[in-house]
file data-v1.txt (compact mmCIF, C-alpha atoms)
# COMPACT_ATOMS: atom_id res chain seq x y z
CA MET L 21 -12.13 20.26 20.60
CA SER L 22 -14.70 18.60 18.32
CA THR L 23 -14.34 14.81 18.44
CA ALA L 24 -17.22 13.61 16.25
CA LYS L 25 -14.97 12.82 13.30
CA TYR L 26 -12.22 10.99 15.21
CA ASN L 27 -11.88 7.21 14.94
CA LEU L 28 -10.28 5.51 17.95
CA LEU L 29 -9.01 1.94 18.34
CA ILE L 30 -8.66 0.62 21.91
CA VAL L 31 -6.53 -2.50 22.41
CA ASP L 32 -6.44 -4.20 25.81
CA ASP L 33 -6.77 -7.80 26.98
CA GLU L 34 -8.75 -6.73 30.09
CA PRO L 35 -12.49 -6.51 29.24
CA SER L 36 -13.10 -4.02 32.05
CA ILE L 37 -10.49 -1.59 30.70
CA ARG L 38 -11.79 -1.92 27.15
CA LYS L 39 -15.36 -1.23 28.28
CA LEU L 40 -14.36 1.66 30.55
CA LEU L 41 -12.44 3.45 27.81
CA SER L 42 -14.91 2.53 25.08
CA ASP L 43 -17.93 3.83 26.99
CA TYR L 44 -16.10 7.00 28.00
CA PHE L 45 -14.90 7.95 24.53
CA ASP L 46 -18.20 6.89 22.99
CA SER L 47 -19.88 9.43 25.31
CA LEU L 48 -17.47 12.05 23.87
CA GLU L 49 -18.74 11.19 20.37
CA TYR L 50 -15.64 9.34 19.23
CA LYS L 51 -16.17 6.44 16.84
CA VAL L 52 -14.70 3.62 18.90
CA ARG L 53 -13.47 0.16 17.90
CA THR L 54 -11.94 -2.32 20.33
CA ALA L 55 -9.62 -5.33 20.14
CA GLU L 56 -8.69 -7.77 22.90
CA ASN L 57 -5.20 -8.53 21.58
CA ALA L 58 -2.54 -7.30 19.16
CA GLU L 59 -3.40 -9.87 16.50
CA GLU L 60 -7.02 -8.69 16.30
CA ALA L 61 -5.87 -5.07 16.29
CA MET L 62 -3.54 -5.72 13.35
CA LYS L 63 -6.48 -6.95 11.28
CA LEU L 64 -8.46 -3.82 12.14
CA ILE L 65 -5.49 -1.58 11.33
CA THR L 66 -5.06 -3.11 7.86
CA THR L 67 -8.79 -3.22 6.99
CA ASN L 68 -10.01 0.11 8.40
CA GLU L 69 -8.98 2.97 6.15
CA ILE L 70 -10.19 5.67 8.56
CA LEU L 71 -8.27 5.50 11.83
CA ASP L 72 -7.07 8.53 13.74
CA ILE L 73 -5.49 7.17 16.93
CA ILE L 74 -4.71 3.89 18.72
CA ILE L 75 -4.63 3.33 22.48
CA SER L 76 -2.92 0.04 23.34
CA ASP L 77 -1.86 -1.76 26.47
CA ILE L 78 1.79 -2.77 26.46
CA ASP L 79 1.61 -6.02 28.42
CA MET L 80 -0.75 -8.46 26.65
CA PRO L 81 -0.67 -12.23 26.13
CA GLY L 82 0.80 -13.30 22.80
CA MET L 83 2.03 -10.36 20.77
CA SER L 84 2.77 -7.36 22.98
CA GLY L 85 1.77 -3.75 22.59
CA ILE L 86 5.34 -3.04 21.44
CA ASP L 87 4.87 -5.57 18.62
CA LEU L 88 1.65 -3.79 17.68
CA LEU L 89 3.44 -0.44 17.77
CA ARG L 90 6.10 -1.70 15.37
CA PHE L 91 3.46 -3.11 13.05
CA SER L 92 1.53 0.15 13.12
CA ARG L 93 4.63 2.25 12.38
CA GLU L 94 5.35 0.05 9.35
CA THR L 95 1.83 -0.06 7.94
CA ARG L 96 0.05 3.08 9.17
CA VAL L 97 2.78 5.57 9.99
CA ASP L 98 0.21 8.39 9.91
CA VAL L 99 -1.76 6.96 12.85
CA PRO L 100 -0.40 7.91 16.31
CA VAL L 101 -0.20 5.29 19.07
CA VAL L 102 -0.64 5.94 22.81
CA MET L 103 0.57 3.16 25.12
CA ILE L 104 -1.03 2.09 28.43
CA THR L 105 1.24 0.63 31.08
CA GLY L 106 1.36 -0.26 34.75
CA LEU L 107 3.86 1.49 36.98
CA LYS L 108 6.01 -1.67 37.05
CA THR L 109 6.47 -1.53 33.27
CA LEU L 110 6.83 2.26 32.99
CA GLU L 111 10.31 1.93 31.50
CA TYR L 112 8.80 -0.08 28.63
CA ALA L 113 6.43 2.80 27.88
CA ILE L 114 9.31 5.27 27.83
CA SER L 115 11.17 2.96 25.45
CA ALA L 116 8.03 2.73 23.31
CA VAL L 117 8.02 6.51 22.90
CA LYS L 118 11.56 6.24 21.56
CA TYR L 119 10.30 3.63 19.06
CA GLY L 120 7.52 5.87 17.80
CA ALA L 121 4.68 5.91 20.36
CA GLN L 122 3.24 9.41 20.60
CA ASP L 123 2.63 9.28 24.37
CA TYR L 124 1.81 6.92 27.25
CA ILE L 125 -0.70 6.53 30.09
CA THR L 126 -0.01 4.78 33.41
CA LYS L 127 -2.45 2.57 35.33
CA PRO L 128 -4.37 3.37 37.42
CA PHE L 129 -5.55 6.37 35.46
CA GLU L 130 -8.20 9.06 35.58
CA LEU L 131 -10.39 9.15 32.48
CA SER L 132 -9.98 12.91 32.28
CA ASP L 133 -6.20 12.45 32.09
CA VAL L 134 -6.57 9.91 29.29
CA ARG L 135 -8.74 12.40 27.42
CA LYS L 136 -6.10 15.12 27.81
CA VAL L 137 -3.40 12.87 26.36
CA VAL L 138 -5.57 11.76 23.44
CA GLU L 139 -6.68 15.29 22.56
CA LYS L 140 -3.10 16.58 22.79
CA VAL L 141 -1.93 13.88 20.37
CA LEU L 142 -4.81 14.57 17.97
CA ARG L 143 -4.12 18.31 18.02
CA TYR L 144 -0.50 17.62 17.14
CA ARG L 145 -1.56 15.26 14.32
CA LYS L 146 -3.98 17.84 12.94
CA TYR L 147 -1.25 20.49 13.08
CA SER L 148 1.21 18.20 11.25
CA LYS L 149 -1.36 17.40 8.54
CA LYS L 150 -2.09 21.10 8.02
CA GLN L 151 1.62 21.77 7.74
CA ASN L 152 1.93 19.15 5.00
CA GLU L 153 -1.16 20.47 3.22
CA LEU L 154 0.55 23.85 2.83
CA TYR L 155 2.80 22.24 0.23
CA THR L 156 -0.15 21.74 -2.10
CA TYR L 157 -0.60 25.52 -2.37
CA ALA L 158 3.04 26.25 -3.17
CA GLN L 159 3.77 27.72 -6.60
CA SER L 160 7.44 26.86 -6.20
CA LEU L 161 9.73 25.38 -3.56
CA SER L 162 13.48 25.57 -3.27
CA VAL L 163 15.90 24.16 -0.73
CA ASN L 164 19.70 24.01 -0.63
CA PHE L 165 22.02 22.02 1.64
CA GLU L 166 25.77 21.92 2.13
CA ILE L 167 26.63 18.96 4.38
CA PRO L 168 30.00 17.42 5.33
CA THR L 169 30.33 13.80 4.24
CA ASP L 170 30.89 12.60 7.81
CA GLU L 171 27.58 14.15 8.90
CA ILE L 172 25.23 13.47 6.01
CA ASP L 173 22.53 10.80 6.29
CA ALA L 174 21.48 9.94 2.74
CA GLY L 175 18.27 8.30 3.95
CA VAL L 176 17.12 11.33 5.92
CA VAL L 177 17.81 13.74 3.03
CA SER L 178 16.16 11.44 0.47
CA ASN L 179 13.08 11.01 2.63
CA TYR L 180 12.82 14.78 3.20
CA LEU L 181 12.97 15.60 -0.51
CA ALA L 182 10.71 12.73 -1.61
CA LYS L 183 8.16 13.81 1.04
CA MET L 184 8.18 17.29 -0.51
CA LEU L 185 7.19 15.68 -3.81
CA LEU L 186 4.46 13.67 -2.10
CA ASN L 187 3.04 16.47 0.06
CA SER L 188 3.01 18.95 -2.83
CA GLY L 189 0.95 16.56 -4.93
CA PHE L 190 3.73 16.09 -7.50
CA CYS L 191 3.45 12.33 -6.95
CA HIS L 192 1.10 9.90 -5.25
CA GLN L 193 1.90 7.69 -2.28
CA GLU L 194 2.54 4.67 -4.51
CA ASP L 195 5.19 6.66 -6.44
CA TYR L 196 6.93 8.10 -3.38
CA HIS L 197 9.34 5.17 -3.04
CA GLN L 198 10.69 5.38 -6.58
CA TYR L 199 11.66 9.03 -6.09
CA TYR L 200 13.18 8.20 -2.73
CA VAL L 201 15.30 5.51 -4.42
CA ALA L 202 16.41 7.82 -7.26
CA ILE L 203 17.51 10.54 -4.82
CA MET L 204 19.15 8.03 -2.48
CA GLU L 205 21.17 6.36 -5.24
CA THR L 206 22.35 9.73 -6.54
CA LEU L 207 23.42 10.83 -3.06
CA ILE L 208 25.22 7.56 -2.34
CA ASN L 209 27.17 7.86 -5.59
CA SER L 210 28.19 11.40 -4.65
CA ILE L 211 29.25 10.34 -1.16
CA GLU L 212 30.95 7.02 -1.86
CA HIS L 213 32.37 7.36 -5.38
CA GLY L 214 32.74 11.13 -5.21
CA ASN L 215 33.94 12.47 -1.87
CA LEU L 216 35.20 9.18 -0.44
CA GLU L 217 36.70 8.06 -3.78
CA LEU L 218 35.69 4.44 -3.18
CA PRO L 219 36.17 2.33 -6.33
CA SER L 220 33.03 0.66 -7.67
CA SER L 221 35.09 -2.46 -8.36
CA MET L 222 35.22 -3.08 -4.60
CA LYS L 223 31.44 -3.44 -4.42
CA GLY L 224 31.28 -7.18 -4.85
CA THR L 225 28.60 -9.63 -3.85
CA ASP L 226 30.47 -11.94 -1.50
CA PHE L 227 30.84 -11.23 2.22
CA ASP L 228 34.57 -10.48 2.17
CA GLN L 229 34.22 -7.90 -0.60
CA ILE L 230 31.28 -6.23 1.12
CA MET L 231 33.14 -6.05 4.43
CA ALA L 232 36.30 -4.67 2.78
CA PHE L 233 34.24 -1.96 1.10
CA GLU L 234 32.47 -1.03 4.35
CA GLU L 235 35.73 -0.95 6.30
CA LEU L 236 37.38 1.36 3.76
CA ARG L 237 34.25 3.53 3.70
CA GLU L 238 34.32 3.93 7.49
CA GLU L 239 38.06 4.56 7.50
CA ARG L 240 37.77 7.37 4.94
CA ILE L 241 34.80 8.96 6.68
CA GLN L 242 36.96 9.26 9.80
CA THR L 243 39.77 10.89 7.76
CA GLU L 244 39.50 14.68 7.52
CA HIS L 245 40.65 14.76 3.90
CA TYR L 246 37.62 12.70 2.84
CA GLY L 247 35.15 13.11 5.70
CA LYS L 248 35.05 16.91 5.65
CA ARG L 249 34.41 17.18 1.93
CA LYS L 250 31.01 18.73 1.32
CA VAL L 251 27.97 17.40 -0.49
CA ARG L 252 25.94 20.24 -1.99
CA ILE L 253 22.27 19.66 -2.76
CA GLY L 254 19.99 22.02 -4.66
CA PHE L 255 16.32 21.14 -5.07
CA GLN L 256 13.72 23.17 -6.98
CA LEU L 257 10.08 22.15 -7.32
CA SER L 258 7.35 23.76 -9.40
CA PRO L 259 3.88 22.40 -10.22
CA MET L 260 5.06 20.53 -13.31
CA ARG L 261 8.77 19.86 -12.74
CA PHE L 262 11.47 19.24 -10.19
CA THR L 263 15.21 19.70 -10.58
CA LEU L 264 17.77 18.12 -8.27
CA THR L 265 21.47 18.97 -8.43
CA ILE L 266 23.96 17.10 -6.25
CA SER L 267 27.64 18.09 -6.26
CA ASP L 268 30.62 16.65 -4.43
CA GLU L 269 34.25 17.66 -3.97
CA GLY L 270 35.71 14.49 -5.43
CA PRO L 271 37.78 14.28 -8.63
CA GLY L 272 34.76 13.44 -10.77
CA PHE L 273 34.55 10.71 -13.44
CA ASP L 274 34.19 10.35 -17.19
CA TRP L 275 30.42 10.28 -17.63
CA LYS L 276 30.33 10.67 -21.43
CA SER L 277 30.08 6.93 -22.11
CA TYR L 278 27.02 6.68 -19.84
CA ILE L 279 24.85 9.58 -21.04
CA ALA L 280 23.42 9.83 -24.57
CA ASP L 281 23.12 13.03 -26.62
CA ASP L 282 19.46 13.37 -25.57
CA ASN L 283 20.52 13.39 -21.90
CA GLN L 284 19.20 9.88 -21.35
CA ILE L 285 21.16 7.12 -19.63
CA PHE L 286 22.33 4.40 -21.99
CA ASP L 287 20.67 0.98 -21.74
CA ALA L 288 24.08 -0.67 -21.45
CA ASP L 289 24.95 -2.25 -18.11
CA THR L 290 27.46 0.27 -16.82
CA LYS L 291 29.99 -0.86 -14.25
CA PRO L 292 30.98 2.23 -12.26
CA HIS L 293 27.89 3.95 -10.86
CA GLY L 294 25.98 1.27 -12.75
CA ARG L 295 23.35 0.15 -10.30
CA GLY L 296 22.35 3.70 -9.46
CA PHE L 297 22.24 4.71 -13.09
CA MET L 298 20.01 1.80 -14.04
CA LEU L 299 17.53 2.70 -11.29
CA ILE L 300 17.58 6.40 -12.10
CA LYS L 301 17.09 5.70 -15.83
CA HIS L 302 13.56 4.37 -15.28
CA ILE L 303 12.49 7.24 -13.02
CA ILE L 304 14.14 10.48 -14.21
CA ASP L 305 13.54 12.21 -17.58
CA GLU L 306 16.88 13.95 -18.10
CA VAL L 307 20.36 13.68 -16.58
CA TYR L 308 23.16 16.23 -16.90
CA PHE L 309 26.75 16.30 -15.60
CA ASN L 310 29.18 19.17 -15.34
CA ALA L 311 32.41 18.89 -17.31
CA ALA L 312 34.41 17.53 -14.35
CA GLY L 313 31.83 14.81 -13.62
CA ASN L 314 31.37 15.71 -9.95
CA SER L 315 27.98 17.40 -10.25
CA ILE L 316 24.81 15.73 -11.52
CA THR L 317 21.43 17.29 -12.28
CA LEU L 318 18.23 15.25 -12.49
CA ILE L 319 15.09 16.65 -14.13
CA LYS L 320 11.63 15.13 -13.93
CA GLU L 321 8.49 16.48 -15.59
CA LYS L 322 5.10 15.80 -14.05
CA GLU L 323 2.77 13.79 -16.24
CA GLU L 324 0.29 16.18 -17.90
CA SER L 325 -2.48 13.63 -17.45
CA ASP L 326 -2.12 14.06 -13.69
CA PRO L 327 -1.94 17.84 -13.18
CA LEU L 328 -0.99 19.29 -9.82
CA THR L 329 -4.07 20.78 -8.17
CA ILE L 330 -2.81 24.08 -6.83

call {"tool": "encode", "arguments": {"input": "data-v1.txt", "output": "structure tokens"}}
result
Amino acid sequence: MSTAKYNLLIVDDEPSIRKLLSDYFDSLEYKVRTAENAEEAMKLITTNEILDIIISDIDMPGMSGIDLLRFSRETRVDVPVVMITGLKTLEYAISAVKYGAQDYITKPFELSDVRKVVEKVLRYRKYSKKQNELYTYAQSLSVNFEIPTDEIDAGVVSNYLAKMLLNSGFCHQEDYHQYYVAIMETLINSIEHGNLELPSSMKGTDFDQIMAFEELREERIQTEHYGKRKVRIGFQLSPMRFTLTISDEGPGFDWKSYIADDNQIFDADTKPHGRGFMLIKHIIDEVYFNAAGNSITLIKEKEESDPLTI
């Protein structure tokens, strides 16, 4: 595979290992940077916009390779990390993979084996990027879920849908989080206040109130009557608009005092569903409920000044 465009960061406290790997990958036409510890690597990670892969030793003085891995996953989630470890610390490398490392290499190693690992990881990264780029050519996207309350993970679903908005070009990276929050809040309302019928009044700010709410939530999730109720999610995306409908099997609520005639959320500080509504108000253009109040539809138009390039 062509390597001329790949940027590699090598992190190891042993100068001989850094030089060995640096010289080898330099000969393969990689653009190589090196760091002798995690702290130096963190500076390079935050200041170098173009970075394709990191190779890091696990056992280093000061901050460890695991610390660097965590930092990288928080700041540059798109950049894969390959860990280097001795046989005595192999279990740490396996744990690192569970925490987000793409692969690992054991010392002593053959340079050809290191190359195979690196090229495998880069091929996978290129494949993943191409997959995401397909979204930008979509004229429309539609996805529907029906998930039992005791199995749904609101964070996973919200991230999946918000990533569709990001990868399609509907929003930019800096806007991704606001859509994630809007979807998450809507889902949580459907789960907690809808299917689980948890009263908003229980959501206090002191520890005892919070714990009582969480205990009742867990208790109802474990109860078939509540836990097996479905959450239905319908998501449609076109170049200039997305529509999200989330329905639950709860009794619904009286939404009429929260939504104005123009399908906007009132400015008033609403109590039930209040926090979610206030967040959604500043992100979503229009909000609709069904008559029963157990199905909500959010509509957002893309800004015409920032057209989708498909």

call {"tool": "residues_around", "arguments": {"input": "data-v1.txt", "residues": "Ile208 (chain L)", "least_positions_apart": "4", "cutoff": "12 Å", "atoms": "only C-alpha atoms", "output": "list of chain:residue names"}}
result
L:Thr169, L:Ile172, L:Asp173, L:Ala174, L:Gly175, L:Val177, L:Ser178, L:Val201, L:Ala202, L:Ile203, L:Met204, L:Glu212, L:His213, L:Gly214, L:Asn215, L:Leu216, L:Glu217, L:Leu218, L:Ser220, L:Arg237, L:Val251, L:Ile266, L:Ser267, L:Asp268, L:His293, L:Arg295, L:Gly296, L:Phe297

call {"tool": "closest_residue", "arguments": {"input": "data-v1.txt", "among": "L:Leu29, L:Ala116, L:Ile37, L:Leu207", "to": "Ile74 (chain L)", "atoms": "all atoms listed in the file"}}
result
L:Leu29

call {"tool": "atom_distance", "arguments": {"input": "data-v1.txt", "atom1": "CA of Lys183 (chain L)", "atom2": "CA of Asp195 (chain L)"}}
result
10.8 Å

call {"tool": "atom_distance", "arguments": {"input": "data-v1.txt", "atom1": "CA of Glu171 (chain L)", "atom2": "CA of Met231 (chain L)"}}
result
21.4 Å

call {"tool": "atom_distance", "arguments": {"input": "data-v1.txt", "atom1": "CA of Glu234 (chain L)", "atom2": "CA of Asp274 (chain L)"}}
result
24.4 Å

call {"tool": "closest_residue", "arguments": {"input": "data-v1.txt", "among": "L:Thr105, L:Gln229, L:Asn27, L:Ser277", "to": "Leu142 (chain L)", "atoms": "all atoms listed in the file"}}
result
L:Asn27

call {"tool": "closest_residue", "arguments": {"input": "data-v1.txt", "among": "L:Lys301, L:Ile86, L:Arg135, L:Thr156", "to": "Asp46 (chain L)", "atoms": "only C-alpha atoms"}}
result
L:Arg135

call {"tool": "closest_residue", "arguments": {"input": "data-v1.txt", "among": "L:Ile167, L:Val176, L:Val31, L:Val52", "to": "Met103 (chain L)", "atoms": "all atoms listed in the file"}}
result
L:Val31

call {"tool": "closest_residue", "arguments": {"input": "data-v1.txt", "among": "L:Glu34, L:Leu64, L:Ser188, L:Ile304", "to": "Thr206 (chain L)", "atoms": "all atoms listed in the file"}}
result
L:Ile304

call {"tool": "closest_residue", "arguments": {"input": "data-v1.txt", "among": "L:His197, L:Lys248, L:Arg96, L:His192", "to": "Ile303 (chain L)", "atoms": "all atoms listed in the file"}}
result
L:His197

call {"tool": "closest_atom_pairs", "arguments": {"input": "data-v1.txt", "of": "region 130-196 of chain L", "to": "region 252-258 of chain L", "cutoff": "12 Å", "atoms": "all atoms listed in the file", "output": "JSON lines"}}
result
{"residue": "L:Tyr155", "atom": "CA", "partner": "L:Leu257", "partner_atom": "CA", "distance": 10.5}
{"residue": "L:Thr156", "atom": "CA", "partner": "L:Ser258", "partner_atom": "CA", "distance": 10.7}
{"residue": "L:Tyr157", "atom": "CA", "partner": "L:Ser258", "partner_atom": "CA", "distance": 10.8}
{"residue": "L:Ala158", "atom": "CA", "partner": "L:Ser258", "partner_atom": "CA", "distance": 8.0}
{"residue": "L:Gln159", "atom": "CA", "partner": "L:Ser258", "partner_atom": "CA", "distance": 6.0}
{"residue": "L:Ser160", "atom": "CA", "partner": "L:Ser258", "partner_atom": "CA", "distance": 4.5}
{"residue": "L:Leu161", "atom": "CA", "partner": "L:Leu257", "partner_atom": "CA", "distance": 5.0}
{"residue": "L:Ser162", "atom": "CA", "partner": "L:Gln256", "partner_atom": "CA", "distance": 4.4}
{"residue": "L:Val163", "atom": "CA", "partner": "L:Phe255", "partner_atom": "CA", "distance": 5.3}
{"residue": "L:Asn164", "atom": "CA", "partner": "L:Gly254", "partner_atom": "CA", "distance": 4.5}
{"residue": "L:Phe165", "atom": "CA", "partner": "L:Ile253", "partner_atom": "CA", "distance": 5.0}
{"residue": "L:Glu166", "atom": "CA", "partner": "L:Arg252", "partner_atom": "CA", "distance": 4.5}
{"residue": "L:Ile167", "atom": "CA", "partner": "L:Arg252", "partner_atom": "CA", "distance": 6.5}
{"residue": "L:Pro168", "atom": "CA", "partner": "L:Arg252", "partner_atom": "CA", "distance": 8.8}
{"residue": "L:Thr169", "atom": "CA", "partner": "L:Arg252", "partner_atom": "CA", "distance": 10.0}
{"residue": "L:Ile172", "atom": "CA", "partner": "L:Arg252", "partner_atom": "CA", "distance": 10.5}
{"residue": "L:Ala174", "atom": "CA", "partner": "L:Ile253", "partner_atom": "CA", "distance": 11.2}
{"residue": "L:Val177", "atom": "CA", "partner": "L:Ile253", "partner_atom": "CA", "distance": 9.4}
{"residue": "L:Ser178", "atom": "CA", "partner": "L:Ile253", "partner_atom": "CA", "distance": 10.7}
{"residue": "L:Tyr180", "atom": "CA", "partner": "L:Phe255", "partner_atom": "CA", "distance": 11.0}
{"residue": "L:Leu181", "atom": "CA", "partner": "L:Phe255", "partner_atom": "CA", "distance": 7.9}
{"residue": "L:Ala182", "atom": "CA", "partner": "L:Phe255", "partner_atom": "CA", "distance": 10.7}
{"residue": "L:Lys183", "atom": "CA", "partner": "L:Leu257", "partner_atom": "CA", "distance": 12.0}
{"residue": "L:Met184", "atom": "CA", "partner": "L:Leu257", "partner_atom": "CA", "distance": 8.6}
{"residue": "L:Leu185", "atom": "CA", "partner": "L:Leu257", "partner_atom": "CA", "distance": 7.9}
{"residue": "L:Leu186", "atom": "CA", "partner": "L:Leu257", "partner_atom": "CA", "distance": 11.4}
{"residue": "L:Asn187", "atom": "CA", "partner": "L:Leu257", "partner_atom": "CA", "distance": 11.7}
{"residue": "L:Ser188", "atom": "CA", "partner": "L:Leu257", "partner_atom": "CA", "distance": 9.0}
{"residue": "L:Gly189", "atom": "CA", "partner": "L:Ser258", "partner_atom": "CA", "distance": 10.6}
{"residue": "L:Phe190", "atom": "CA", "partner": "L:Ser258", "partner_atom": "CA", "distance": 8.7}
{"residue": "L:Cys191", "atom": "CA", "partner": "L:Leu257", "partner_atom": "CA", "distance": 11.9}
